[in-house]
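What follows is the content of run29.cif (mmCIF, C-alpha atoms).
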data_model
loop_
_atom_site.label_atom_id
_atom_site.label_comp_id
_atom_site.auth_asym_id
_atom_site.auth_seq_id
_atom_site.Cartn_x
_atom_site.Cartn_y
_atom_site.Cartn_z
CA MET A 1090 -21.42 -24.02 -47.24
CA ARG A 1091 -21.58 -20.29 -46.45
CA LYS A 1092 -19.29 -19.24 -43.59
CA LYS A 1093 -20.26 -16.55 -41.09
CA ILE A 1094 -17.94 -13.93 -39.64
CA ALA A 1095 -19.20 -11.66 -36.87
CA PHE A 1096 -17.75 -8.24 -36.04
CA ILE A 1097 -18.40 -7.18 -32.45
CA GLY A 1098 -17.71 -3.46 -32.24
CA ALA A 1099 -18.16 -3.05 -35.99
CA GLY A 1100 -18.60 0.71 -35.62
CA SER A 1101 -14.81 0.99 -35.68
CA PHE A 1102 -15.25 2.21 -39.24
CA GLY A 1103 -11.77 2.23 -40.78
CA PHE A 1104 -10.67 -1.00 -39.18
CA THR A 1105 -13.83 -2.98 -39.90
CA ARG A 1106 -13.92 -1.80 -43.51
CA LYS A 1107 -10.35 -2.96 -44.12
CA LEU A 1108 -10.89 -6.35 -42.49
CA VAL A 1109 -14.10 -7.03 -44.45
CA ARG A 1110 -12.31 -6.01 -47.63
CA ASP A 1111 -9.49 -8.44 -46.83
CA ILE A 1112 -11.84 -11.33 -46.04
CA LEU A 1113 -13.67 -11.01 -49.34
CA THR A 1114 -10.43 -11.16 -51.34
CA PHE A 1115 -10.26 -14.90 -50.60
CA PRO A 1116 -12.35 -16.91 -53.10
CA ALA A 1117 -13.38 -19.40 -50.42
CA LEU A 1118 -14.84 -16.59 -48.30
CA GLN A 1119 -16.45 -14.41 -50.96
CA ASP A 1120 -19.92 -15.79 -50.23
CA ALA A 1121 -19.50 -15.40 -46.45
CA GLU A 1122 -22.12 -13.86 -44.23
CA ILE A 1123 -20.67 -10.70 -42.72
CA ALA A 1124 -22.51 -9.91 -39.47
CA LEU A 1125 -21.90 -6.37 -38.22
CA MET A 1126 -22.83 -5.63 -34.61
CA ASP A 1127 -22.40 -2.44 -32.59
CA ILE A 1128 -24.23 -0.69 -29.76
CA ASP A 1129 -24.17 2.64 -31.65
CA ALA A 1130 -26.81 2.72 -34.40
CA GLU A 1131 -25.30 5.73 -36.15
CA ARG A 1132 -21.84 4.20 -36.41
CA LEU A 1133 -23.42 0.94 -37.53
CA GLY A 1134 -25.16 2.79 -40.34
CA PHE A 1135 -21.89 4.16 -41.69
CA ILE A 1136 -20.12 0.79 -41.71
CA LYS A 1137 -23.19 -0.89 -43.23
CA GLU A 1138 -22.98 1.46 -46.20
CA ALA A 1139 -19.22 0.93 -46.50
CA VAL A 1140 -19.55 -2.86 -46.59
CA GLU A 1141 -22.41 -2.69 -49.07
CA LYS A 1142 -20.14 -0.68 -51.36
CA ILE A 1143 -17.36 -3.28 -51.05
CA ILE A 1144 -19.74 -6.14 -51.86
CA ALA A 1145 -21.18 -4.27 -54.85
CA LYS A 1146 -17.81 -3.15 -56.22
CA GLY A 1147 -16.36 -6.66 -55.97
CA ASN A 1148 -19.58 -8.25 -57.20
CA TYR A 1149 -19.27 -10.67 -54.28
CA PRO A 1150 -22.03 -13.16 -53.40
CA ALA A 1151 -21.58 -12.25 -49.73
CA LYS A 1152 -24.51 -11.80 -47.37
CA LEU A 1153 -24.65 -8.79 -45.03
CA THR A 1154 -26.34 -8.84 -41.63
CA VAL A 1155 -26.49 -5.65 -39.56
CA THR A 1156 -27.69 -5.77 -35.97
CA MET A 1157 -27.43 -4.26 -32.50
CA ASP A 1158 -28.18 -7.69 -31.02
CA ARG A 1159 -24.92 -9.47 -30.16
CA THR A 1160 -26.53 -12.89 -29.97
CA GLU A 1161 -27.94 -12.51 -33.48
CA ALA A 1162 -24.50 -11.63 -34.81
CA LEU A 1163 -22.83 -14.55 -33.04
CA LYS A 1164 -25.30 -17.35 -33.80
CA ASN A 1165 -23.48 -20.08 -35.74
CA ALA A 1166 -20.51 -17.82 -36.49
CA ASP A 1167 -17.32 -19.47 -37.75
CA GLY A 1168 -15.18 -16.45 -36.97
CA VAL A 1169 -15.49 -13.53 -34.55
CA VAL A 1170 -13.59 -10.24 -34.59
CA ILE A 1171 -13.67 -8.06 -31.45
CA THR A 1172 -12.86 -4.35 -31.79
CA ILE A 1173 -14.75 -2.75 -28.91
CA LEU A 1174 -13.98 0.35 -26.84
CA GLN A 1175 -15.53 0.49 -23.38
CA GLY A 1176 -16.35 4.13 -22.71
CA GLY A 1177 -15.33 7.22 -24.67
CA TYR A 1178 -12.49 9.63 -24.06
CA GLN A 1179 -14.46 11.28 -21.25
CA VAL A 1180 -13.87 8.05 -19.33
CA PHE A 1181 -10.39 6.96 -20.30
CA LYS A 1182 -8.92 10.45 -20.13
CA HIS A 1183 -8.66 9.81 -16.38
CA ASP A 1184 -6.28 6.91 -17.12
CA VAL A 1185 -3.60 9.42 -18.11
CA THR A 1186 -4.63 12.71 -16.52
CA ILE A 1187 -4.71 11.36 -12.97
CA PRO A 1188 -1.20 9.80 -13.18
CA LYS A 1189 0.02 13.10 -14.66
CA GLU A 1190 -1.10 14.86 -11.45
CA TYR A 1191 1.50 12.64 -9.77
CA ASN A 1192 4.17 13.26 -12.46
CA VAL A 1193 3.66 9.90 -14.15
CA ASP A 1194 3.66 11.12 -17.76
CA ILE A 1195 1.86 8.79 -20.18
CA ASN A 1196 1.77 9.07 -23.97
CA VAL A 1197 -0.85 6.45 -24.94
CA GLY A 1198 -1.78 4.34 -21.93
CA ASP A 1199 -3.82 1.56 -23.54
CA THR A 1200 -1.57 -1.42 -22.85
CA ARG A 1201 0.06 -1.60 -19.40
CA GLY A 1202 1.00 0.51 -16.40
CA PRO A 1203 -1.69 2.30 -14.35
CA ALA A 1204 -3.55 3.51 -17.45
CA GLY A 1205 -3.58 0.13 -19.19
CA ILE A 1206 -4.61 -1.67 -16.00
CA PHE A 1207 -7.65 0.54 -15.39
CA ARG A 1208 -8.59 0.26 -19.05
CA MET A 1209 -8.51 -3.51 -18.56
CA LEU A 1210 -10.66 -3.27 -15.41
CA ARG A 1211 -13.39 -1.44 -17.35
CA THR A 1212 -13.21 -3.67 -20.41
CA LEU A 1213 -12.72 -7.21 -19.08
CA PRO A 1214 -16.33 -7.73 -17.86
CA VAL A 1215 -17.64 -6.91 -21.35
CA MET A 1216 -15.10 -9.22 -22.98
CA LEU A 1217 -16.13 -12.06 -20.67
CA ASP A 1218 -19.79 -11.41 -21.53
CA ILE A 1219 -18.90 -11.69 -25.22
CA CYS A 1220 -17.10 -14.97 -24.50
CA ALA A 1221 -20.15 -16.28 -22.66
CA ASP A 1222 -22.24 -15.60 -25.77
CA VAL A 1223 -19.60 -17.22 -27.97
CA GLU A 1224 -19.68 -20.31 -25.76
CA LYS A 1225 -23.46 -20.45 -26.09
CA PHE A 1226 -23.99 -19.55 -29.75
CA CYS A 1227 -20.76 -20.46 -31.61
CA PRO A 1228 -18.42 -22.45 -29.32
CA ASP A 1229 -16.21 -23.64 -32.19
CA ALA A 1230 -15.65 -20.18 -33.65
CA VAL A 1231 -12.19 -18.67 -34.06
CA VAL A 1232 -12.15 -15.49 -31.96
CA LEU A 1233 -9.71 -12.74 -32.90
CA ASN A 1234 -9.30 -9.86 -30.46
CA TYR A 1235 -7.99 -6.44 -31.50
CA THR A 1236 -9.02 -4.57 -28.33
CA ASN A 1237 -6.34 -3.28 -25.95
CA PRO A 1238 -4.90 -3.90 -23.44
CA MET A 1239 -4.19 -6.97 -25.52
CA ALA A 1240 -2.26 -9.21 -23.13
CA MET A 1241 -4.44 -8.72 -20.05
CA LEU A 1242 -7.75 -9.04 -21.92
CA CYS A 1243 -6.66 -12.11 -23.88
CA ASN A 1244 -5.25 -13.71 -20.75
CA GLY A 1245 -8.51 -13.08 -18.89
CA MET A 1246 -10.66 -14.53 -21.66
CA GLN A 1247 -8.36 -17.52 -22.08
CA LYS A 1248 -8.29 -18.27 -18.34
CA VAL A 1249 -12.05 -18.08 -17.85
CA TYR A 1250 -12.91 -19.77 -21.18
CA PRO A 1251 -9.89 -22.05 -21.85
CA HIS A 1252 -11.78 -24.23 -24.33
CA LEU A 1253 -12.60 -21.37 -26.72
CA ASN A 1254 -10.37 -20.65 -29.72
CA ILE A 1255 -9.14 -17.15 -28.79
CA THR A 1256 -6.07 -15.24 -29.85
CA GLY A 1257 -5.18 -11.57 -29.99
CA LEU A 1258 -3.63 -9.70 -32.92
CA CYS A 1259 -1.42 -6.64 -33.16
CA HIS A 1260 -0.26 -5.12 -36.43
CA SER A 1261 2.98 -3.82 -34.92
CA VAL A 1262 4.79 -7.08 -35.73
CA GLN A 1263 4.40 -6.94 -39.49
CA GLY A 1264 4.50 -3.14 -39.46
CA THR A 1265 7.86 -2.94 -37.74
CA ALA A 1266 9.27 -5.74 -39.89
CA ALA A 1267 8.41 -3.70 -42.97
CA MET A 1268 10.03 -0.61 -41.43
CA LEU A 1269 13.28 -2.46 -40.70
CA ALA A 1270 13.31 -3.93 -44.20
CA ALA A 1271 12.94 -0.45 -45.67
CA TRP A 1272 15.82 0.83 -43.56
CA ILE A 1273 18.19 -1.71 -45.13
CA LYS A 1274 16.56 -1.40 -48.59
CA ALA A 1275 15.34 -5.00 -48.57
CA ASP A 1276 12.20 -6.38 -50.21
CA MET A 1277 9.86 -7.88 -47.61
CA LYS A 1278 9.49 -11.03 -49.67
CA ASP A 1279 13.18 -11.72 -48.93
CA ILE A 1280 12.81 -11.16 -45.16
CA THR A 1281 12.22 -13.93 -42.63
CA TYR A 1282 12.04 -13.45 -38.90
CA THR A 1283 11.20 -15.02 -35.55
CA CYS A 1284 9.46 -12.64 -33.19
CA ALA A 1285 8.46 -13.41 -29.60
CA GLY A 1286 7.85 -11.89 -26.18
CA ILE A 1287 4.70 -10.19 -24.90
CA ASN A 1288 2.37 -7.82 -26.70
CA HIS A 1289 4.12 -4.52 -27.56
CA GLN A 1290 7.30 -5.92 -26.00
CA ALA A 1291 7.99 -8.69 -28.49
CA PHE A 1292 11.43 -8.77 -30.10
CA TYR A 1293 12.79 -10.02 -33.39
CA LEU A 1294 15.00 -12.84 -32.14
CA LYS A 1295 16.02 -13.47 -35.75
CA PHE A 1296 15.74 -11.05 -38.64
CA ASP A 1297 17.23 -12.44 -41.87
CA TRP A 1298 17.53 -11.06 -45.38
CA LYS A 1299 17.85 -13.80 -48.01
CA GLY A 1300 18.90 -16.21 -45.26
CA GLN A 1301 21.59 -13.95 -43.77
CA ASP A 1302 21.48 -12.14 -40.43
CA ALA A 1303 20.33 -8.59 -41.17
CA TYR A 1304 20.99 -7.17 -37.71
CA PRO A 1305 24.47 -5.84 -38.60
CA LEU A 1306 22.87 -3.85 -41.43
CA ILE A 1307 20.13 -2.57 -39.13
CA ARG A 1308 22.68 -1.52 -36.51
CA LYS A 1309 24.70 0.28 -39.17
CA ALA A 1310 21.61 2.13 -40.38
CA VAL A 1311 20.67 3.19 -36.85
CA THR A 1312 24.17 4.34 -35.89
CA THR A 1313 25.20 6.08 -39.12
CA ARG A 1314 21.98 7.66 -40.39
CA LYS A 1315 20.60 10.42 -38.21
CA ASP A 1316 17.26 10.38 -40.02
CA ILE A 1317 16.75 6.73 -39.17
CA TYR A 1318 17.97 7.14 -35.59
CA ASN A 1319 15.60 10.06 -35.01
CA GLN A 1320 12.68 8.29 -36.68
CA GLU A 1321 12.29 5.89 -33.74
CA LEU A 1322 14.62 7.36 -31.13
CA VAL A 1323 13.22 5.48 -28.13
CA ARG A 1324 13.18 2.12 -29.87
CA ASN A 1325 16.58 2.70 -31.41
CA GLU A 1326 18.06 3.45 -27.98
CA MET A 1327 16.50 0.22 -26.72
CA PHE A 1328 17.93 -1.69 -29.68
CA LEU A 1329 21.44 -0.36 -29.12
CA ALA A 1330 21.24 -1.37 -25.46
CA LEU A 1331 19.39 -4.70 -25.77
CA ASP A 1332 20.68 -5.97 -29.16
CA TYR A 1333 17.22 -6.90 -30.43
CA TYR A 1334 14.50 -4.74 -31.98
CA VAL A 1335 11.14 -4.33 -30.24
CA THR A 1336 7.88 -4.40 -32.17
CA GLU A 1337 5.82 -1.51 -30.84
CA SER A 1338 6.37 2.19 -31.51
CA SER A 1339 8.46 4.66 -29.53
CA GLY A 1340 5.37 6.36 -28.12
CA HIS A 1341 4.21 3.17 -26.42
CA ASN A 1342 7.64 1.94 -25.40
CA SER A 1343 8.58 5.26 -23.83
CA GLU A 1344 6.00 4.53 -21.11
CA TYR A 1345 6.71 0.80 -20.60
CA ASN A 1346 10.01 1.26 -18.77
CA ALA A 1347 11.86 3.72 -16.54
CA TRP A 1348 14.36 5.04 -19.06
CA PHE A 1349 12.60 7.78 -21.01
CA ARG A 1350 9.70 9.48 -19.21
CA LYS A 1351 10.60 9.76 -15.53
CA ARG A 1352 11.96 13.33 -15.87
CA PRO A 1353 11.05 16.26 -18.13
CA ASP A 1354 14.62 16.50 -19.43
CA LEU A 1355 14.53 12.86 -20.53
CA ILE A 1356 11.23 13.41 -22.33
CA GLU A 1357 12.80 16.40 -24.07
CA LYS A 1358 15.91 14.43 -25.01
CA TYR A 1359 14.45 11.10 -26.10
CA CYS A 1360 10.73 11.54 -26.77
CA THR A 1361 10.95 13.97 -29.65
CA TYR A 1362 10.53 11.95 -32.81
CA GLY A 1363 8.29 9.12 -33.93
CA THR A 1364 6.84 7.58 -37.06
CA ASN A 1365 3.18 7.60 -36.02
CA TRP A 1366 3.05 10.32 -33.40
CA ASN A 1367 5.23 12.41 -31.16
CA PRO A 1368 6.16 10.05 -28.30
CA GLY A 1369 6.81 13.05 -26.08
CA GLU A 1370 3.20 14.25 -26.24
CA HIS A 1371 1.36 13.76 -22.99
CA ALA A 1372 -2.05 12.06 -23.39
CA TYR A 1373 -1.69 11.66 -27.15
CA ILE A 1374 -4.48 9.12 -27.43
CA VAL A 1375 -6.89 11.19 -25.31
CA ASN A 1376 -6.24 14.24 -27.49
CA TYR A 1377 -6.76 12.12 -30.61
CA TYR A 1378 -10.10 10.72 -29.43
CA ARG A 1379 -11.26 14.13 -28.25
CA GLN A 1380 -10.71 15.45 -31.78
CA PHE A 1381 -12.16 12.30 -33.34
CA ALA A 1382 -15.37 12.65 -31.29
CA ARG A 1383 -15.97 15.95 -33.05
CA SER A 1384 -15.04 14.80 -36.55
CA TRP A 1385 -15.86 11.09 -36.93
CA ARG A 1386 -19.16 11.67 -38.73
CA LYS A 1387 -17.53 13.87 -41.36
CA GLN A 1388 -14.56 11.54 -41.67
CA SER A 1389 -16.83 8.54 -42.19
CA SER A 1390 -19.02 10.41 -44.64
CA ASP A 1391 -16.00 11.60 -46.61
CA ALA A 1392 -14.54 8.08 -46.63
CA LEU A 1393 -17.72 6.71 -48.17
CA LYS A 1394 -17.24 9.04 -51.13
CA GLU A 1395 -13.71 7.78 -51.82
CA ASP A 1396 -12.83 5.00 -54.25
CA PHE A 1397 -11.87 2.34 -51.71
CA PRO A 1398 -9.39 -0.20 -53.22
CA LEU A 1399 -10.25 -3.89 -52.95
CA GLU A 1400 -6.66 -5.17 -52.80
CA ARG A 1401 -5.85 -7.11 -49.61
CA GLY A 1402 -3.99 -5.29 -46.82
CA ASN A 1403 -1.49 -6.68 -44.32
CA GLU A 1404 -3.71 -7.40 -41.31
CA TYR A 1405 -3.69 -11.04 -40.18
CA ALA A 1406 -7.39 -11.70 -39.57
CA ALA A 1407 -8.56 -12.64 -43.07
CA SER A 1408 -5.62 -14.96 -43.71
CA ILE A 1409 -6.23 -16.69 -40.37
CA PHE A 1410 -9.89 -17.30 -41.18
CA ASN A 1411 -8.96 -18.50 -44.66
CA GLY A 1412 -6.37 -20.89 -43.25
CA ILE A 1413 -8.79 -22.46 -40.78
CA PHE A 1414 -12.15 -22.52 -42.58
CA GLY A 1415 -11.55 -21.02 -46.04
CA ASP A 1416 -9.36 -22.80 -48.57
CA ASN A 1417 -7.17 -24.07 -45.69
CA THR A 1418 -3.93 -22.48 -46.91
CA PRO A 1419 -1.76 -22.50 -43.76
CA PHE A 1420 -0.85 -19.05 -42.48
CA GLU A 1421 1.81 -18.14 -39.93
CA PHE A 1422 1.35 -15.05 -37.78
CA ASN A 1423 2.18 -13.72 -34.33
CA GLY A 1424 -0.65 -14.24 -31.87
CA ASN A 1425 -1.34 -13.70 -28.18
CA ILE A 1426 -1.92 -16.98 -26.37
CA PRO A 1427 -1.26 -18.63 -22.98
CA ASN A 1428 2.34 -19.54 -22.26
CA THR A 1429 2.33 -23.33 -22.05
CA GLY A 1430 6.11 -23.69 -22.01
CA LEU A 1431 6.38 -21.77 -25.28
CA ILE A 1432 8.76 -19.17 -23.81
CA THR A 1433 10.56 -20.99 -21.03
CA ASN A 1434 11.76 -17.97 -19.04
CA LEU A 1435 8.44 -16.11 -18.94
CA PRO A 1436 5.65 -16.97 -16.46
CA GLU A 1437 3.71 -20.14 -17.18
CA GLY A 1438 0.12 -19.32 -18.09
CA ALA A 1439 0.82 -15.66 -18.83
CA CYS A 1440 -0.17 -14.24 -22.21
CA VAL A 1441 2.76 -14.30 -24.65
CA GLU A 1442 3.06 -13.18 -28.26
CA VAL A 1443 4.63 -15.94 -30.36
CA PRO A 1444 4.50 -17.42 -33.87
CA VAL A 1445 1.25 -19.33 -34.46
CA LEU A 1446 0.14 -21.44 -37.43
CA ALA A 1447 -3.47 -21.16 -38.58
CA SER A 1448 -4.56 -24.21 -40.57
CA GLN A 1449 -7.36 -26.72 -40.93
CA LYS A 1450 -6.15 -28.07 -37.57
CA GLY A 1451 -6.89 -24.75 -35.87
CA LEU A 1452 -4.41 -22.50 -34.04
CA ASN A 1453 -1.09 -24.10 -33.14
CA ALA A 1454 1.71 -22.12 -31.50
CA PHE A 1455 5.42 -22.65 -32.05
CA HIS A 1456 7.83 -23.39 -29.20
CA VAL A 1457 10.30 -20.50 -28.87
CA GLY A 1458 12.44 -21.53 -25.89
CA ALA A 1459 14.23 -18.99 -23.71
CA LEU A 1460 14.45 -15.31 -24.51
CA PRO A 1461 17.88 -13.70 -24.16
CA ASP A 1462 18.32 -12.80 -20.49
CA GLN A 1463 18.10 -9.04 -20.98
CA LEU A 1464 14.79 -9.39 -22.83
CA ALA A 1465 13.42 -11.86 -20.29
CA ILE A 1466 14.03 -9.38 -17.45
CA LEU A 1467 12.14 -6.64 -19.26
CA CYS A 1468 9.24 -8.87 -20.36
CA ASN A 1469 8.99 -10.63 -16.97
CA THR A 1470 8.48 -7.35 -15.15
CA SER A 1471 5.61 -6.29 -17.40
CA SER A 1472 4.11 -9.77 -17.63
CA ARG A 1473 4.07 -10.36 -13.88
CA CYS A 1474 2.49 -6.95 -13.24
CA GLU A 1475 -0.20 -7.75 -15.81
CA THR A 1476 -0.82 -11.21 -14.36
CA LEU A 1477 -1.22 -9.76 -10.87
CA ALA A 1478 -3.60 -7.06 -12.16
CA LEU A 1479 -5.68 -9.72 -13.89
CA GLU A 1480 -5.84 -11.74 -10.68
CA GLY A 1481 -7.09 -8.60 -8.96
CA ALA A 1482 -9.76 -8.12 -11.60
CA LEU A 1483 -10.98 -11.73 -11.50
CA SER A 1484 -11.12 -11.72 -7.69
CA GLY A 1485 -12.35 -8.13 -7.28
CA ASP A 1486 -9.38 -7.38 -5.03
CA PRO A 1487 -8.20 -3.74 -5.09
CA ILE A 1488 -5.03 -4.59 -3.15
CA LYS A 1489 -3.75 -6.68 -6.06
CA ILE A 1490 -4.41 -3.79 -8.45
CA TYR A 1491 -2.37 -1.50 -6.21
CA GLN A 1492 0.41 -4.07 -5.92
CA SER A 1493 0.53 -4.59 -9.69
CA ILE A 1494 0.97 -0.84 -10.19
CA ILE A 1495 3.69 -0.36 -7.55
CA PHE A 1496 5.98 -2.54 -9.67
CA ASP A 1497 5.24 -0.78 -12.95
CA PRO A 1498 8.70 0.46 -14.05
CA LEU A 1499 7.75 4.05 -14.87
CA THR A 1500 5.43 4.50 -11.90
CA SER A 1501 7.94 3.08 -9.41
CA ALA A 1502 10.67 5.30 -10.85
CA VAL A 1503 8.62 8.40 -10.09
CA LEU A 1504 6.48 7.74 -7.01
CA SER A 1505 6.67 6.43 -3.46
CA LEU A 1506 4.44 3.61 -2.24
CA ALA A 1507 2.18 6.07 -0.42
CA GLU A 1508 1.89 8.27 -3.50
CA ILE A 1509 1.01 5.28 -5.66
CA ARG A 1510 -1.72 4.26 -3.21
CA GLU A 1511 -3.19 7.76 -3.34
CA MET A 1512 -3.07 7.79 -7.15
CA VAL A 1513 -4.65 4.35 -7.44
CA ASN A 1514 -7.48 5.30 -5.08
CA LYS A 1515 -8.17 8.38 -7.17
CA MET A 1516 -8.28 6.21 -10.32
CA PHE A 1517 -10.64 3.78 -8.60
CA ALA A 1518 -12.96 6.65 -7.72
CA ALA A 1519 -12.94 7.94 -11.31
CA ASN A 1520 -13.90 4.48 -12.58
CA LYS A 1521 -16.38 3.43 -9.88
CA LYS A 1522 -19.27 3.20 -12.37
CA TYR A 1523 -17.45 0.36 -14.17
CA LEU A 1524 -16.03 -1.43 -11.11
CA THR A 1525 -19.15 -2.60 -9.28
CA TYR A 1526 -17.73 -6.13 -9.32
CA PHE A 1527 -14.96 -5.13 -6.89
CA LYS A 1528 -15.24 -5.89 -3.16
CA SER A 1529 -14.10 -2.36 -2.52
CA ILE A 1530 -12.85 0.46 -4.70
CA LYS A 1531 -10.38 1.78 -2.17
CA VAL A 1532 -6.93 0.57 -1.16
CA LYS A 1533 -6.64 1.06 2.60
#
Encoding of this model in structure tokens:
Amino acid sequence: MRKKIAFIGAGSFGFTRKLVRDILTFPALQDAEIALMDIDAERLGFIKEAVEKIIAKGNYPAKLTVTMDRTEALKNADGVVITILQGGYQVFKHDVTIPKEYNVDINVGDTRGPAGIFRMLRTLPVMLDICADVEKFCPDAVVLNYTNPMAMLCNGMQKVYPHLNITGLCHSVQGTAAMLAAWIKADMKDITYTCAGINHQAFYLKFDWKGQDAYPLIRKAVTTRKDIYNQELVRNEMFLALDYYVTESSGHNSEYNAWFRKRPDLIEKYCTYGTNWNPGEHAYIVNYYRQFARSWRKQSSDALKEDFPLERGNEYAASIFNGIFGDNTPFEFNGNIPNTGLITNLPEGACVEVPVLASQKGLNAFHVGALPDQLAILCNTSSRCETLALEGALSGDPIKIYQSIIFDPLTSAVLSLAEIREMVNKMFAANKKYLTYFKSIKVK
């Protein structure tokens, strides 16, 4: 029986194209109905052509549906992929430019802290609307979220719709594992690991090469090879201090704590190198999207002329769908789900990132136990701030948003309580169009 997979926010060209390509590599899913939905007709046109090319090149019996009607895309779907962005850079630039006025220097700002929290406040209502449609039109579907801020959005969806099958995915887990393997010259097929924590602050609690602890080799590489140390300077400093390696890049992690961005001299010293971008660059993601807004049509058009390979990539989504409703080959991945005693020293009910098994039985998480104390302190701070911000969003209470931001490590290292209140009120004002569900958009 033909399976249906809906992409909500399908206009995310590069990402959607790769995920569709991956899905169709599985024989059990090659006749699937791929339903592409986006609110931008022009972007939808580009991805429609890209998917048509994939289907033709692979000679797949897949069916393609293209629509701007979300309900049409979701009707009877077996799987749902969410890759939306609420507002363009003209909106989210305020997430990082306003804090900068108060000397809170942010590199990316899509996950946590003042920037991530206001991004969540704009995006959560749309995500809950999507979940309402899922509940109505495909309540048994497996819902995979790729939209940031991952932990807060997933936690909100999972709290309001606890009976839906929702998890969030981040490619930093497998990406960083491959990076560490390369550093010690190991083949990934010989690497096994256990990774857990919260999104972008998950740590490899075990990292083995052919059954042996590889951490001594990683530490040697970091401490003896300047090229490796400089490649991820922020994360390597964290590793040397905390004894475990964190999943997300230096650019992100430089803004998640108080160690690297609270003074210009620290930014100069530590935020200089990075694999994906310069972690010292203020407002990197805003600058990227500003440039992308001018060039995305040409980039998409040029991409359609390329010979796009059909070999499967390393994103989790296709393997999860295949494990649950394809050929049912079990697949283990790291997913974002509610903490039901899975990590015993993180808040119950908070969103945690832990190993999950996708199989014919659905999504089943593995019990991790307690994180090492030093990791639990770091993750607890972020997780509790995020939980409080989510409570503020669900209740429309601006005070809780303010309180969640006063405990953000970077913000609290730079600003006084009065300064944070002033900054938060300015961010509320910049986002008032999206925050009509709040009782008030001012912290008194």
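The two atoms in question, CA of Asn1254 in chain A and CA of Val1231 in chain A, are spaced 5.1 Å apart.
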Worksheet entry | CA of Asn1376 in chain A to CA of Asp1194 in chain A, distance in Å rounded to a single decimal | 14.2 Å
Practice prompt. Starting from the shown file, work through the PyMOL selection byres ((chain A and resi 1357) around 12) and note down what comes out as a PyMOL selection string.
Written response: chain A and resi 1322-1323+1343+1349-1356+1358-1362+1367-1371
Worksheet entry | A:Val1185, A:Ala1275, A:Cys1227, A:Ala1124 ranked by distance to Asp1167 in chain A, top pick (using all atoms listed in the file) |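 The closest residue to Asp1167 in chain A is A:Cys1227.
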Fill in: Chain and number of each residue from the PyMOL selection byres ((chain A and resi 1452-1466) around 7), as number ranges by chain
A: 1331, 1431-1435, 1443-1448, 1450-1451, 1467-1470
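Residue nearest Leu1174 in chain A within the list A:Lys1248, A:Lys1189, A:Arg1208, A:Lys1515: A:Arg1208 [criterion: smallest interatomic distance, only C-alpha atoms].
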Worksheet item: How many Å lie between CA of Val1335 in chain A and CA of Tyr1318 in chain A, rounded to one decimal?
Response: 14.4 Å
Worksheet item: Hey, which of A:Asn1411, A:Thr1212, A:Thr1281, A:Asn1192 ends up closest to Lys1092 in chain A? Count all atoms listed in the file.
Response: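 With all atoms listed in the file as the atom set, the closest residue is A:Asn1411.
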Item to complete: Compile the contact shell of Gly1424 in chain A as JSON, numbers by chain: residues with an atom at most 10 Å away, counting all atoms listed in the file, same-chain residues fewer than 3 positions apart removed.
Response: {"A": [1233, 1234, 1255, 1256, 1257, 1258, 1259, 1262, 1285, 1287, 1288, 1405, 1421, 1427, 1440, 1441, 1442, 1443, 1444, 1445, 1446, 1452, 1453, 1454]}
Discussion item. Just checking: using all atoms listed in the file, which residue out of A:Lys1182, A:His1260, A:Lys1164, A:Arg1159 ends up closest to Phe1422 in chain A?
Written reply: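 The shortest atom-to-atom distance to Phe1422 in chain A comes from A:His1260.
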Item to complete: Might you pull out every residue within 10 Å of Val1170 in chain A, with all atoms listed in the file counted and same-chain residues fewer than 6 positions away left off, and present them as a ChimeraX atom specification?
Response: /A:1094-1099,1105,1108,1125,1231-1236,1257,1406
Could you tell me which residues the PyMOL selection byres ((chain A and resi 1482) around 9) grabs in this file, written as a tab-separated table (two decimals) with C-alpha atoms, in the frame of the given file?
chain	number	residue	atom	x	y	z
A	1209	MET	CA	-8.51	-3.51	-18.56
A	1210	LEU	CA	-10.66	-3.27	-15.41
A	1213	LEU	CA	-12.72	-7.21	-19.08
A	1245	GLY	CA	-8.51	-13.08	-18.89
A	1477	LEU	CA	-1.22	-9.76	-10.87
A	1478	ALA	CA	-3.60	-7.06	-12.16
A	1479	LEU	CA	-5.68	-9.72	-13.89
A	1480	GLU	CA	-5.84	-11.74	-10.68
A	1481	GLY	CA	-7.09	-8.60	-8.96
A	1483	LEU	CA	-10.98	-11.73	-11.50
A	1484	SER	CA	-11.12	-11.72	-7.69
A	1485	GLY	CA	-12.35	-8.13	-7.28
A	1486	ASP	CA	-9.38	-7.38	-5.03
A	1487	PRO	CA	-8.20	-3.74	-5.09
A	1489	LYS	CA	-3.75	-6.68	-6.06
A	1490	ILE	CA	-4.41	-3.79	-8.45
A	1526	TYR	CA	-17.73	-6.13	-9.32
A	1527	PHE	CA	-14.96	-5.13	-6.89
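Proximity ranking of A:Asp1302, A:Asp1222, A:Asp1316, A:Glu1475 relative to Leu1242 in chain A places A:Glu1475 first, based on all atoms listed in the file.
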Discussion item. List as a PyMOL selection string the protein and nucleic acid residues near Arg1386 in chain A, meaning an atom at most 12 Å away when only C-alpha atoms are counted, but skip any in the same chain fewer than 4 places from it.
Written reply: chain A and resi 1100-1102+1131-1136+1380-1382+1390-1393
